[in-house]
file work00.pdb (PDB, C-alpha atoms)
MODEL        1
ATOM      1  CA  LYS A   1     -40.605  63.569 -43.630
ATOM      2  CA  MET A   2     -39.609  65.110 -40.307
ATOM      3  CA  LYS A   3     -38.416  63.229 -37.217
ATOM      4  CA  ASN A   4     -38.878  64.498 -33.676
ATOM      5  CA  ILE A   5     -36.738  63.782 -30.585
ATOM      6  CA  ASN A   6     -37.557  65.838 -27.480
ATOM      7  CA  ASN A   7     -37.551  69.506 -28.596
ATOM      8  CA  ILE A   8     -35.562  68.785 -31.784
ATOM      9  CA  TYR A   9     -37.223  68.347 -35.178
ATOM     10  CA  VAL A  10     -34.967  66.928 -37.917
ATOM     11  CA  LEU A  11     -35.929  67.708 -41.513
ATOM     12  CA  GLY A  12     -34.134  65.864 -44.310
ATOM     13  CA  THR A  13     -33.595  67.650 -47.625
ATOM     14  CA  SER A  14     -31.900  67.055 -50.955
ATOM     15  CA  HIS A  15     -29.324  69.679 -51.931
ATOM     16  CA  VAL A  16     -30.505  69.722 -55.550
ATOM     17  CA  ALA A  17     -34.251  69.038 -55.205
ATOM     18  CA  LYS A  18     -36.790  71.787 -55.849
ATOM     19  CA  GLN A  19     -39.160  70.064 -53.429
ATOM     20  CA  SER A  20     -36.713  70.757 -50.591
ATOM     21  CA  VAL A  21     -36.847  74.532 -51.033
ATOM     22  CA  SER A  22     -40.643  74.700 -50.672
ATOM     23  CA  GLN A  23     -40.566  72.102 -47.879
ATOM     24  CA  VAL A  24     -38.050  74.109 -45.843
ATOM     25  CA  LYS A  25     -40.142  77.280 -46.144
ATOM     26  CA  LYS A  26     -43.316  75.383 -45.208
ATOM     27  CA  GLN A  27     -41.841  73.713 -42.109
ATOM     28  CA  ILE A  28     -40.314  76.920 -40.752
ATOM     29  CA  ARG A  29     -43.600  78.744 -41.301
ATOM     30  CA  GLU A  30     -45.739  76.005 -39.694
ATOM     31  CA  LEU A  31     -43.428  74.928 -36.851
ATOM     32  CA  ASN A  32     -42.307  78.502 -36.103
ATOM     33  CA  PRO A  33     -39.137  77.283 -34.324
ATOM     34  CA  GLU A  34     -37.175  79.482 -31.947
ATOM     35  CA  ILE A  35     -33.976  78.025 -33.426
ATOM     36  CA  VAL A  36     -33.175  76.816 -36.954
ATOM     37  CA  ALA A  37     -30.046  74.639 -37.061
ATOM     38  CA  ILE A  38     -28.586  74.304 -40.553
ATOM     39  CA  GLU A  39     -26.134  71.874 -42.166
ATOM     40  CA  LEU A  40     -23.721  74.664 -43.021
ATOM     41  CA  ASP A  41     -20.434  76.003 -41.685
ATOM     42  CA  LYS A  42     -19.321  79.651 -41.828
ATOM     43  CA  ASN A  43     -17.238  79.146 -44.979
ATOM     44  CA  ARG A  44     -20.031  77.514 -46.981
ATOM     45  CA  LEU A  45     -22.581  80.088 -45.829
ATOM     46  CA  HIS A  46     -20.223  82.866 -46.937
ATOM     47  CA  SER A  47     -19.815  81.175 -50.349
ATOM     48  CA  LEU A  48     -23.593  80.936 -50.777
ATOM     49  CA  GLN A  49     -24.086  84.556 -49.735
ATOM     50  CA  HIS A  50     -21.386  86.011 -51.959
ATOM     51  CA  ASN A  51     -21.034  83.360 -54.682
ATOM     52  CA  THR A  52     -17.286  83.421 -54.072
ATOM     53  CA  LYS A  53     -14.830  81.760 -56.392
ATOM     54  CA  ARG A  54     -12.803  78.873 -55.020
ATOM     55  CA  PRO A  55      -9.008  79.274 -54.604
ATOM     56  CA  LYS A  56      -6.597  78.245 -57.360
ATOM     57  CA  ASN A  57      -5.969  74.516 -57.790
ATOM     58  CA  LEU A  58      -2.389  74.506 -56.464
ATOM     59  CA  GLU A  59      -3.433  76.416 -53.342
ATOM     60  CA  MET A  60      -6.236  73.916 -52.706
ATOM     61  CA  ILE A  61      -3.975  70.874 -53.177
ATOM     62  CA  LYS A  62      -1.453  72.362 -50.746
ATOM     63  CA  TYR A  63      -4.131  73.088 -48.137
ATOM     64  CA  LEU A  64      -6.535  70.150 -48.554
ATOM     65  CA  GLY A  65      -4.200  67.417 -49.792
ATOM     66  CA  LEU A  66      -4.621  65.578 -53.081
ATOM     67  CA  GLY A  67      -7.492  63.368 -51.907
ATOM     68  CA  GLY A  68      -9.512  66.261 -50.476
ATOM     69  CA  PHE A  69      -8.899  68.343 -53.596
ATOM     70  CA  LEU A  70      -9.955  65.575 -56.017
ATOM     71  CA  PHE A  71     -13.095  64.831 -54.042
ATOM     72  CA  TYR A  72     -13.954  68.549 -53.834
ATOM     73  CA  ILE A  73     -13.584  68.990 -57.594
ATOM     74  CA  PHE A  74     -15.607  65.866 -58.331
ATOM     75  CA  GLY A  75     -18.376  66.841 -55.893
ATOM     76  CA  GLU A  76     -18.491  70.410 -57.206
ATOM     77  CA  PHE A  77     -18.802  69.193 -60.810
ATOM     78  CA  ALA A  78     -21.521  66.648 -59.982
ATOM     79  CA  GLN A  79     -23.663  69.080 -57.974
ATOM     80  CA  LYS A  80     -23.392  71.862 -60.563
ATOM     81  CA  LYS A  81     -24.262  69.450 -63.367
ATOM     82  CA  ILE A  82     -27.360  68.163 -61.571
ATOM     83  CA  GLY A  83     -28.303  71.670 -60.417
ATOM     84  CA  LYS A  84     -28.133  72.977 -63.981
ATOM     85  CA  ILE A  85     -30.347  70.161 -65.276
ATOM     86  CA  LEU A  86     -32.938  70.842 -62.557
ATOM     87  CA  ASP A  87     -32.578  74.637 -62.752
ATOM     88  CA  ILE A  88     -31.646  74.986 -59.069
ATOM     89  CA  ASN A  89     -28.459  76.093 -57.351
ATOM     90  CA  PRO A  90     -26.686  73.385 -55.295
ATOM     91  CA  GLY A  91     -27.149  74.157 -51.592
ATOM     92  CA  GLU A  92     -30.280  76.217 -52.236
ATOM     93  CA  ASP A  93     -32.133  74.155 -49.596
ATOM     94  CA  MET A  94     -29.710  75.251 -46.856
ATOM     95  CA  PHE A  95     -29.525  78.850 -48.046
ATOM     96  CA  THR A  96     -33.328  78.927 -48.123
ATOM     97  CA  ALA A  97     -33.361  77.681 -44.516
ATOM     98  CA  TYR A  98     -30.995  80.505 -43.558
ATOM     99  CA  LYS A  99     -32.978  83.233 -45.350
ATOM    100  CA  THR A 100     -36.368  81.954 -44.152
ATOM    101  CA  ALA A 101     -35.135  81.638 -40.549
ATOM    102  CA  LYS A 102     -33.927  85.264 -40.639
ATOM    103  CA  LYS A 103     -37.270  86.381 -42.043
ATOM    104  CA  ASN A 104     -39.044  84.360 -39.333
ATOM    105  CA  LYS A 105     -36.796  85.988 -36.666
ATOM    106  CA  SER A 106     -35.623  82.556 -35.508
ATOM    107  CA  LYS A 107     -32.150  82.147 -34.030
ATOM    108  CA  ILE A 108     -29.748  80.503 -36.502
ATOM    109  CA  ALA A 109     -27.194  77.835 -35.627
ATOM    110  CA  LEU A 110     -24.631  76.586 -38.149
ATOM    111  CA  ILE A 111     -24.033  72.994 -37.056
ATOM    112  CA  ASP A 112     -21.878  71.372 -39.734
ATOM    113  CA  ARG A 113     -18.153  70.782 -39.350
ATOM    114  CA  ASP A 114     -15.873  73.195 -41.212
ATOM    115  CA  ILE A 115     -15.741  71.943 -44.818
ATOM    116  CA  GLN A 116     -11.970  72.435 -44.920
ATOM    117  CA  ILE A 117     -11.488  70.167 -41.882
ATOM    118  CA  THR A 118     -13.717  67.538 -43.493
ATOM    119  CA  LEU A 119     -11.767  67.662 -46.768
ATOM    120  CA  ARG A 120      -8.400  67.537 -44.987
ATOM    121  CA  ARG A 121      -9.560  64.491 -43.014
ATOM    122  CA  PHE A 122     -10.747  62.912 -46.242
ATOM    123  CA  SER A 123      -7.296  63.493 -47.727
ATOM    124  CA  LYS A 124      -5.669  61.910 -44.660
ATOM    125  CA  PHE A 125      -7.655  58.676 -45.000
ATOM    126  CA  PHE A 126      -7.989  58.884 -48.770
ATOM    127  CA  LYS A 127      -7.666  55.749 -50.884
ATOM    128  CA  PHE A 128      -7.402  56.592 -54.589
ATOM    129  CA  LYS A 129      -9.074  53.319 -55.588
ATOM    130  CA  GLU A 130     -12.223  54.402 -53.701
ATOM    131  CA  LEU A 131     -12.530  57.605 -55.725
ATOM    132  CA  VAL A 132     -11.934  55.720 -58.985
ATOM    133  CA  LYS A 133     -14.539  53.170 -57.925
ATOM    134  CA  ILE A 134     -17.209  55.727 -57.063
ATOM    135  CA  ILE A 135     -16.655  57.634 -60.335
ATOM    136  CA  PHE A 136     -16.867  54.355 -62.279
ATOM    137  CA  ASP A 137     -20.025  53.306 -60.407
ATOM    138  CA  ILE A 138     -21.690  56.670 -61.041
ATOM    139  CA  LEU A 139     -20.852  56.535 -64.748
ATOM    140  CA  LYS A 140     -22.032  52.934 -64.932
ATOM    141  CA  GLY A 141     -25.162  53.695 -62.936
ATOM    142  CA  THR A 142     -26.303  52.065 -59.703
ATOM    143  CA  LYS A 143     -29.139  49.603 -60.094
ATOM    144  CA  THR A 144     -31.988  50.026 -57.635
ATOM    145  CA  LYS A 145     -35.559  48.776 -57.631
ATOM    146  CA  GLU A 146     -36.792  52.331 -57.232
ATOM    147  CA  THR A 147     -36.853  55.094 -59.840
ATOM    148  CA  ILE A 148     -34.872  58.118 -58.691
ATOM    149  CA  ASP A 149     -36.602  61.472 -59.152
ATOM    150  CA  LEU A 150     -33.961  64.169 -58.607
ATOM    151  CA  ASN A 151     -36.636  66.867 -58.273
ATOM    152  CA  ASN A 152     -37.834  65.325 -55.008
ATOM    153  CA  VAL A 153     -36.235  64.263 -51.739
ATOM    154  CA  PRO A 154     -35.393  60.520 -51.951
ATOM    155  CA  SER A 155     -37.539  58.058 -50.003
ATOM    156  CA  ASP A 156     -36.321  56.640 -46.672
ATOM    157  CA  LYS A 157     -35.955  53.249 -48.323
ATOM    158  CA  LEU A 158     -33.711  54.612 -51.072
ATOM    159  CA  ILE A 159     -31.625  56.660 -48.622
ATOM    160  CA  GLU A 160     -31.014  53.597 -46.442
ATOM    161  CA  PHE A 161     -29.981  51.621 -49.516
ATOM    162  CA  VAL A 162     -27.544  54.294 -50.734
ATOM    163  CA  ILE A 163     -25.974  54.833 -47.286
ATOM    164  CA  SER A 164     -25.569  51.075 -46.881
ATOM    165  CA  GLU A 165     -23.907  50.851 -50.313
ATOM    166  CA  VAL A 166     -21.551  53.742 -49.517
ATOM    167  CA  LYS A 167     -20.615  52.203 -46.159
ATOM    168  CA  ASP A 168     -19.850  48.882 -47.806
ATOM    169  CA  LYS A 169     -18.137  50.043 -51.007
ATOM    170  CA  TYR A 170     -16.500  53.326 -49.993
ATOM    171  CA  PRO A 171     -15.651  53.115 -46.263
ATOM    172  CA  THR A 172     -13.467  56.255 -46.235
ATOM    173  CA  ILE A 173     -16.190  58.360 -47.827
ATOM    174  CA  TYR A 174     -18.769  56.982 -45.382
ATOM    175  CA  LYS A 175     -16.556  57.535 -42.325
ATOM    176  CA  VAL A 176     -15.473  61.110 -43.086
ATOM    177  CA  LEU A 177     -18.431  62.521 -45.012
ATOM    178  CA  VAL A 178     -21.329  60.740 -43.297
ATOM    179  CA  TYR A 179     -20.577  59.110 -39.929
ATOM    180  CA  GLU A 180     -18.227  61.735 -38.458
ATOM    181  CA  ARG A 181     -20.510  64.582 -39.510
ATOM    182  CA  ASP A 182     -23.595  62.791 -38.151
ATOM    183  CA  ILE A 183     -21.896  62.701 -34.745
ATOM    184  CA  TYR A 184     -20.596  66.274 -35.032
ATOM    185  CA  MET A 185     -24.019  67.693 -35.909
ATOM    186  CA  GLY A 186     -25.698  65.441 -33.345
ATOM    187  CA  LYS A 187     -23.458  66.861 -30.594
ATOM    188  CA  LYS A 188     -24.245  70.408 -31.686
ATOM    189  CA  LEU A 189     -27.981  69.677 -31.528
ATOM    190  CA  VAL A 190     -27.728  68.034 -28.100
ATOM    191  CA  ALA A 191     -25.879  71.101 -26.799
ATOM    192  CA  LEU A 192     -28.586  73.386 -28.203
ATOM    193  CA  SER A 193     -31.303  71.214 -26.666
ATOM    194  CA  LEU A 194     -29.663  71.322 -23.241
ATOM    195  CA  VAL A 195     -29.070  75.095 -23.339
ATOM    196  CA  PHE A 196     -32.522  75.884 -24.762
ATOM    197  CA  PRO A 197     -34.765  73.056 -23.415
ATOM    198  CA  ASN A 198     -37.997  75.006 -23.918
ATOM    199  CA  ASP A 199     -37.272  76.112 -27.493
ATOM    200  CA  LYS A 200     -38.356  74.279 -30.610
ATOM    201  CA  ILE A 201     -35.259  73.468 -32.666
ATOM    202  CA  LEU A 202     -35.655  72.694 -36.373
ATOM    203  CA  ALA A 203     -32.566  71.004 -37.827
ATOM    204  CA  VAL A 204     -32.355  71.230 -41.626
ATOM    205  CA  VAL A 205     -29.889  68.600 -42.856
ATOM    206  CA  GLY A 206     -29.253  66.484 -45.937
ATOM    207  CA  ALA A 207     -31.558  63.462 -46.057
ATOM    208  CA  GLY A 208     -28.590  61.093 -45.816
ATOM    209  CA  HIS A 209     -27.754  62.437 -42.343
ATOM    210  CA  VAL A 210     -31.215  62.115 -40.779
ATOM    211  CA  ASN A 211     -30.995  58.514 -39.554
ATOM    212  CA  GLY A 212     -27.473  58.878 -38.159
ATOM    213  CA  ILE A 213     -28.294  62.119 -36.352
ATOM    214  CA  THR A 214     -31.594  60.907 -34.903
ATOM    215  CA  LYS A 215     -29.977  57.674 -33.735
ATOM    216  CA  TYR A 216     -27.335  59.714 -31.894
ATOM    217  CA  LEU A 217     -29.946  62.079 -30.406
ATOM    218  CA  LYS A 218     -32.036  59.190 -29.071
ATOM    219  CA  LYS A 219     -28.975  57.531 -27.545
ATOM    220  CA  ILE A 220     -27.764  60.675 -25.790
ATOM    221  CA  LEU A 221     -30.953  62.546 -24.885
ATOM    222  CA  ASN A 222     -32.944  59.486 -23.825
ATOM    223  CA  SER A 223     -30.151  58.176 -21.598
ATOM    224  CA  ASN A 224     -29.128  61.560 -20.136
ATOM    225  CA  GLU A 225     -25.510  60.943 -21.071
ATOM    226  CA  ALA A 226     -23.110  63.869 -21.082
ATOM    227  CA  VAL A 227     -21.969  65.224 -24.436
TER     228      VAL A 227
ENDMDL
END
call {"tool": "encode", "arguments": {"input": "work00.pdb", "output": "C-alpha cells"}}
result
Amino acid sequence: KMKNINNIYVLGTSHVAKQSVSQVKKQIRELNPEIVAIELDKNRLHSLQHNTKRPKNLEMIKYLGLGGFLFYIFGEFAQKKIGKILDINPGEDMFTAYKTAKKNKSKIALIDRDIQITLRRFSKFFKFKELVKIIFDILKGTKTKETIDLNNVPSDKLIEFVISEVKDKYPTIYKVLVYERDIYMGKKLVALSLVFPNDKILAVVGAGHVNGITKYLKKILNSNEAV
C-alpha cells in the first residue's frame, strides 16, 4: 500500500519478501516517477552491487563499538537466515528499486543515514539487556492475533503492533533504528520535494518506516515549516 503526500509517494516494502520485489517494479513502471528515493546509503548500495565481505570482527568492534557490532552480527544472521528460507537475498527490494529506477531513467536519491553512523549511535546508547531481551523474545516467539507470512509485506495493523512493541520493550532500538531514521529520511524527502516541486518522487522504504516518515512529511509540508 502506497501513501501520497504532495508530490511524494511512499511505498513500504519488506526486505525479505518476494512480494516486495514485484511490487517495486510495478510501482516504478506505473507511476513513472522522475525521482526514486531509496532507503539505502552509499555503503550499503556498494555492498549490494559488489557483494563485499564485511571487515574483520576486531576492526568492526573498534569502529562501531561493542553494541553496534553485536547488533550488526545479529541482524546480519537473522536476515540471511530468513532470506535463505524464502530464497531471496536480504535487501533485494532496495536493490531492485535501484536497478529498476536506472532502467526507467529516473533520478536516484539515496536517503538513508550512513549505516556506520547508525551503528555507532546504537553502540553509544546501547543497553546489553535490550539485546538479550530481543534475542530471547525472538527465540520465544511473539504472540500476535495475525499469522505472519514472510513472503508478503506485513499488514498495516501488524506493522503498527510491532513498532509499538519495539518502542515499549526496546527503546534504544526504536530511537536509533526507527525514529531517528524516520526523521532523517523525512528531511531528505522534504528537501527533494522543495527542490523538485513538479517531479513525482517515489520513496521506497521498509514498511516499518512508512508511518513515521509520512507523519513527518505531513507536519512539515502541510505547515510550510523550514527543514
call {"tool": "atom_distance", "arguments": {"input": "work00.pdb", "atom1": "CA of Tyr216 in chain A", "atom2": "CA of Gly186 in chain A"}}
result
6.1 Å
call {"tool": "atom_distance", "arguments": {"input": "work00.pdb", "atom1": "CA of Leu110 in chain A", "atom2": "CA of Ile38 in chain A"}}
result
5.2 Å
call {"tool": "closest_residue", "arguments": {"input": "work00.pdb", "among": "A:Ile8, A:Lys105, A:Gly208, A:Glu92", "to": "Asn51 in chain A", "atoms": "all atoms listed in the file"}}
result
A:Glu92
call {"tool": "closest_residue", "arguments": {"input": "work00.pdb", "among": "A:Val195, A:Leu202, A:Ile163, A:Leu189", "to": "Arg29 in chain A", "atoms": "all atoms listed in the file"}}
result
A:Leu202
call {"tool": "resolve_selection", "arguments": {"input": "work00.pdb", "expression": "the PyMOL selection byres ((chain A and resi 33) around 8)", "output": "PyMOL selection string"}}
result
chain A and resi 28+31-32+34-36+106+199-202
call {"tool": "write_last_selection", "arguments": {"input": "work00.pdb", "atoms": "C-alpha atoms", "output": "short mmCIF file (atom, residue, chain, number, x, y, z; two decimals), in the coordinates of the input"}}
result
data_model
loop_
_atom_site.label_atom_id
_atom_site.label_comp_id
_atom_site.auth_asym_id
_atom_site.auth_seq_id
_atom_site.Cartn_x
_atom_site.Cartn_y
_atom_site.Cartn_z
CA ILE A 28 -40.31 76.92 -40.75
CA LEU A 31 -43.43 74.93 -36.85
CA ASN A 32 -42.31 78.50 -36.10
CA GLU A 34 -37.17 79.48 -31.95
CA ILE A 35 -33.98 78.03 -33.43
CA VAL A 36 -33.17 76.82 -36.95
CA SER A 106 -35.62 82.56 -35.51
CA ASP A 199 -37.27 76.11 -27.49
CA LYS A 200 -38.36 74.28 -30.61
CA ILE A 201 -35.26 73.47 -32.67
CA LEU A 202 -35.66 72.69 -36.37
#
call {"tool": "residues_around", "arguments": {"input": "work00.pdb", "residues": "Leu11 in chain A", "least_positions_apart": "5", "cutoff": "7 Å", "atoms": "all atoms listed in the file", "output": "list in words"}}
result
Lys1, Met2, Lys3, Ala203, Val204 and Val205 of chain A
call {"tool": "closest_residue", "arguments": {"input": "work00.pdb", "among": "A:Leu40, A:Val176, A:Ala101, A:Ile159", "to": "Lys124 in chain A", "atoms": "only C-alpha atoms"}}
result
A:Val176
call {"tool": "closest_residue", "arguments": {"input": "work00.pdb", "among": "A:Glu165, A:Pro171, A:Leu217, A:Lys157", "to": "Lys187 in chain A", "atoms": "only C-alpha atoms"}}
result
A:Leu217
call {"tool": "resolve_selection", "arguments": {"input": "work00.pdb", "expression": "the PyMOL selection byres ((chain A and resi 39) around 12)", "output": "MDAnalysis selection string"}}
result
chainID A and resid 10:15 36:38 40:45 91:98 108:115 181:182 184:186 188:189 202:210 213
call {"tool": "write_last_selection", "arguments": {"input": "work00.pdb", "atoms": "C-alpha atoms", "output": "tab-separated table (two decimals), in the coordinates of the input"}}
result
chain	number	residue	atom	x	y	z
A	10	VAL	CA	-34.97	66.93	-37.92
A	11	LEU	CA	-35.93	67.71	-41.51
A	12	GLY	CA	-34.13	65.86	-44.31
A	13	THR	CA	-33.60	67.65	-47.62
A	14	SER	CA	-31.90	67.06	-50.96
A	15	HIS	CA	-29.32	69.68	-51.93
A	36	VAL	CA	-33.17	76.82	-36.95
A	37	ALA	CA	-30.05	74.64	-37.06
A	38	ILE	CA	-28.59	74.30	-40.55
A	40	LEU	CA	-23.72	74.66	-43.02
A	41	ASP	CA	-20.43	76.00	-41.68
A	42	LYS	CA	-19.32	79.65	-41.83
A	43	ASN	CA	-17.24	79.15	-44.98
A	44	ARG	CA	-20.03	77.51	-46.98
A	45	LEU	CA	-22.58	80.09	-45.83
A	91	GLY	CA	-27.15	74.16	-51.59
A	92	GLU	CA	-30.28	76.22	-52.24
A	93	ASP	CA	-32.13	74.16	-49.60
A	94	MET	CA	-29.71	75.25	-46.86
A	95	PHE	CA	-29.52	78.85	-48.05
A	96	THR	CA	-33.33	78.93	-48.12
A	97	ALA	CA	-33.36	77.68	-44.52
A	98	TYR	CA	-31.00	80.50	-43.56
A	108	ILE	CA	-29.75	80.50	-36.50
A	109	ALA	CA	-27.19	77.83	-35.63
A	110	LEU	CA	-24.63	76.59	-38.15
A	111	ILE	CA	-24.03	72.99	-37.06
A	112	ASP	CA	-21.88	71.37	-39.73
A	113	ARG	CA	-18.15	70.78	-39.35
A	114	ASP	CA	-15.87	73.19	-41.21
A	115	ILE	CA	-15.74	71.94	-44.82
A	181	ARG	CA	-20.51	64.58	-39.51
A	182	ASP	CA	-23.60	62.79	-38.15
A	184	TYR	CA	-20.60	66.27	-35.03
A	185	MET	CA	-24.02	67.69	-35.91
A	186	GLY	CA	-25.70	65.44	-33.34
A	188	LYS	CA	-24.24	70.41	-31.69
A	189	LEU	CA	-27.98	69.68	-31.53
A	202	LEU	CA	-35.66	72.69	-36.37
A	203	ALA	CA	-32.57	71.00	-37.83
A	204	VAL	CA	-32.35	71.23	-41.63
A	205	VAL	CA	-29.89	68.60	-42.86
A	206	GLY	CA	-29.25	66.48	-45.94
A	207	ALA	CA	-31.56	63.46	-46.06
A	208	GLY	CA	-28.59	61.09	-45.82
A	209	HIS	CA	-27.75	62.44	-42.34
A	210	VAL	CA	-31.22	62.12	-40.78
A	213	ILE	CA	-28.29	62.12	-36.35
call {"tool": "atom_distance", "arguments": {"input": "work00.pdb", "atom1": "CA of Thr118 in chain A", "atom2": "CA of Thr172 in chain A"}}
result
11.6 Å
call {"tool": "resolve_selection", "arguments": {"input": "work00.pdb", "expression": "the PyMOL selection byres ((chain A and resi 169) around 12)", "output": "VMD selection string"}}
result
chain A and resid 127 129 to 134 137 162 to 168 170 to 175
call {"tool": "closest_residue", "arguments": {"input": "work00.pdb", "among": "A:Lys25, A:Lys107, A:Ile183, A:His50", "to": "Thr214 in chain A", "atoms": "all atoms listed in the file"}}
result
A:Ile183
call {"tool": "decode", "arguments": {"input": "work00.pdb", "residues": "range 91-110 of chain A", "atoms": "N, CA and C atoms", "output": "mmCIF file, in the first residue's frame"}}
result
data_model
loop_
_atom_site.group_PDB
_atom_site.id
_atom_site.type_symbol
_atom_site.label_atom_id
_atom_site.label_comp_id
_atom_site.auth_asym_id
_atom_site.auth_seq_id
_atom_site.Cartn_x
_atom_site.Cartn_y
_atom_site.Cartn_z
ATOM 1 N N GLY A 91 17.611 -7.322 1.313
ATOM 2 C CA GLY A 91 17.877 -6.042 0.665
ATOM 3 C C GLY A 91 17.563 -6.044 -0.816
ATOM 4 N N GLU A 92 17.036 -7.174 -1.317
ATOM 5 C CA GLU A 92 16.737 -7.278 -2.746
ATOM 6 C C GLU A 92 15.673 -6.266 -3.177
ATOM 7 N N ASP A 93 14.771 -5.893 -2.244
ATOM 8 C CA ASP A 93 13.741 -4.901 -2.563
ATOM 9 C C ASP A 93 14.374 -3.553 -2.911
ATOM 10 N N MET A 94 15.370 -3.129 -2.120
ATOM 11 C CA MET A 94 16.020 -1.844 -2.353
ATOM 12 C C MET A 94 16.926 -1.885 -3.587
ATOM 13 N N PHE A 95 17.612 -3.001 -3.770
ATOM 14 C CA PHE A 95 18.482 -3.130 -4.939
ATOM 15 C C PHE A 95 17.642 -3.180 -6.214
ATOM 16 N N THR A 96 16.477 -3.804 -6.120
ATOM 17 C CA THR A 96 15.546 -3.839 -7.252
ATOM 18 C C THR A 96 15.073 -2.429 -7.587
ATOM 19 N N ALA A 97 14.791 -1.635 -6.555
ATOM 20 C CA ALA A 97 14.375 -0.240 -6.761
ATOM 21 C C ALA A 97 15.464 0.527 -7.493
ATOM 22 N N TYR A 98 16.712 0.305 -7.089
ATOM 23 C CA TYR A 98 17.850 0.982 -7.719
ATOM 24 C C TYR A 98 17.980 0.578 -9.192
ATOM 25 N N LYS A 99 17.957 -0.731 -9.455
ATOM 26 C CA LYS A 99 18.142 -1.222 -10.825
ATOM 27 C C LYS A 99 16.972 -0.815 -11.732
ATOM 28 N N THR A 100 15.748 -0.896 -11.199
ATOM 29 C CA THR A 100 14.569 -0.551 -11.986
ATOM 30 C C THR A 100 14.521 0.944 -12.272
ATOM 31 N N ALA A 101 14.921 1.759 -11.286
ATOM 32 C CA ALA A 101 14.959 3.216 -11.479
ATOM 33 C C ALA A 101 15.951 3.587 -12.579
ATOM 34 N N LYS A 102 17.115 2.922 -12.584
ATOM 35 C CA LYS A 102 18.124 3.182 -13.623
ATOM 36 C C LYS A 102 17.564 2.809 -15.004
ATOM 37 N N LYS A 103 16.903 1.665 -15.048
ATOM 38 C CA LYS A 103 16.325 1.200 -16.312
ATOM 39 C C LYS A 103 15.233 2.157 -16.787
ATOM 40 N N ASN A 104 14.509 2.731 -15.821
ATOM 41 C CA ASN A 104 13.410 3.657 -16.123
ATOM 42 C C ASN A 104 13.920 5.067 -16.428
ATOM 43 N N LYS A 105 15.239 5.283 -16.247
ATOM 44 C CA LYS A 105 15.881 6.592 -16.430
ATOM 45 C C LYS A 105 15.365 7.635 -15.435
ATOM 46 N N SER A 106 14.976 7.156 -14.246
ATOM 47 C CA SER A 106 14.592 8.065 -13.164
ATOM 48 C C SER A 106 15.853 8.505 -12.428
ATOM 49 N N LYS A 107 15.812 9.702 -11.840
ATOM 50 C CA LYS A 107 16.916 10.114 -10.969
ATOM 51 C C LYS A 107 16.864 9.254 -9.713
ATOM 52 N N ILE A 108 18.016 8.984 -9.109
ATOM 53 C CA ILE A 108 18.071 8.142 -7.910
ATOM 54 C C ILE A 108 18.609 8.947 -6.735
ATOM 55 N N ALA A 109 17.915 8.865 -5.616
ATOM 56 C CA ALA A 109 18.364 9.534 -4.392
ATOM 57 C C ALA A 109 18.505 8.486 -3.293
ATOM 58 N N LEU A 110 19.676 8.420 -2.677
ATOM 59 C CA LEU A 110 19.891 7.523 -1.542
ATOM 60 C C LEU A 110 19.597 8.324 -0.279
#
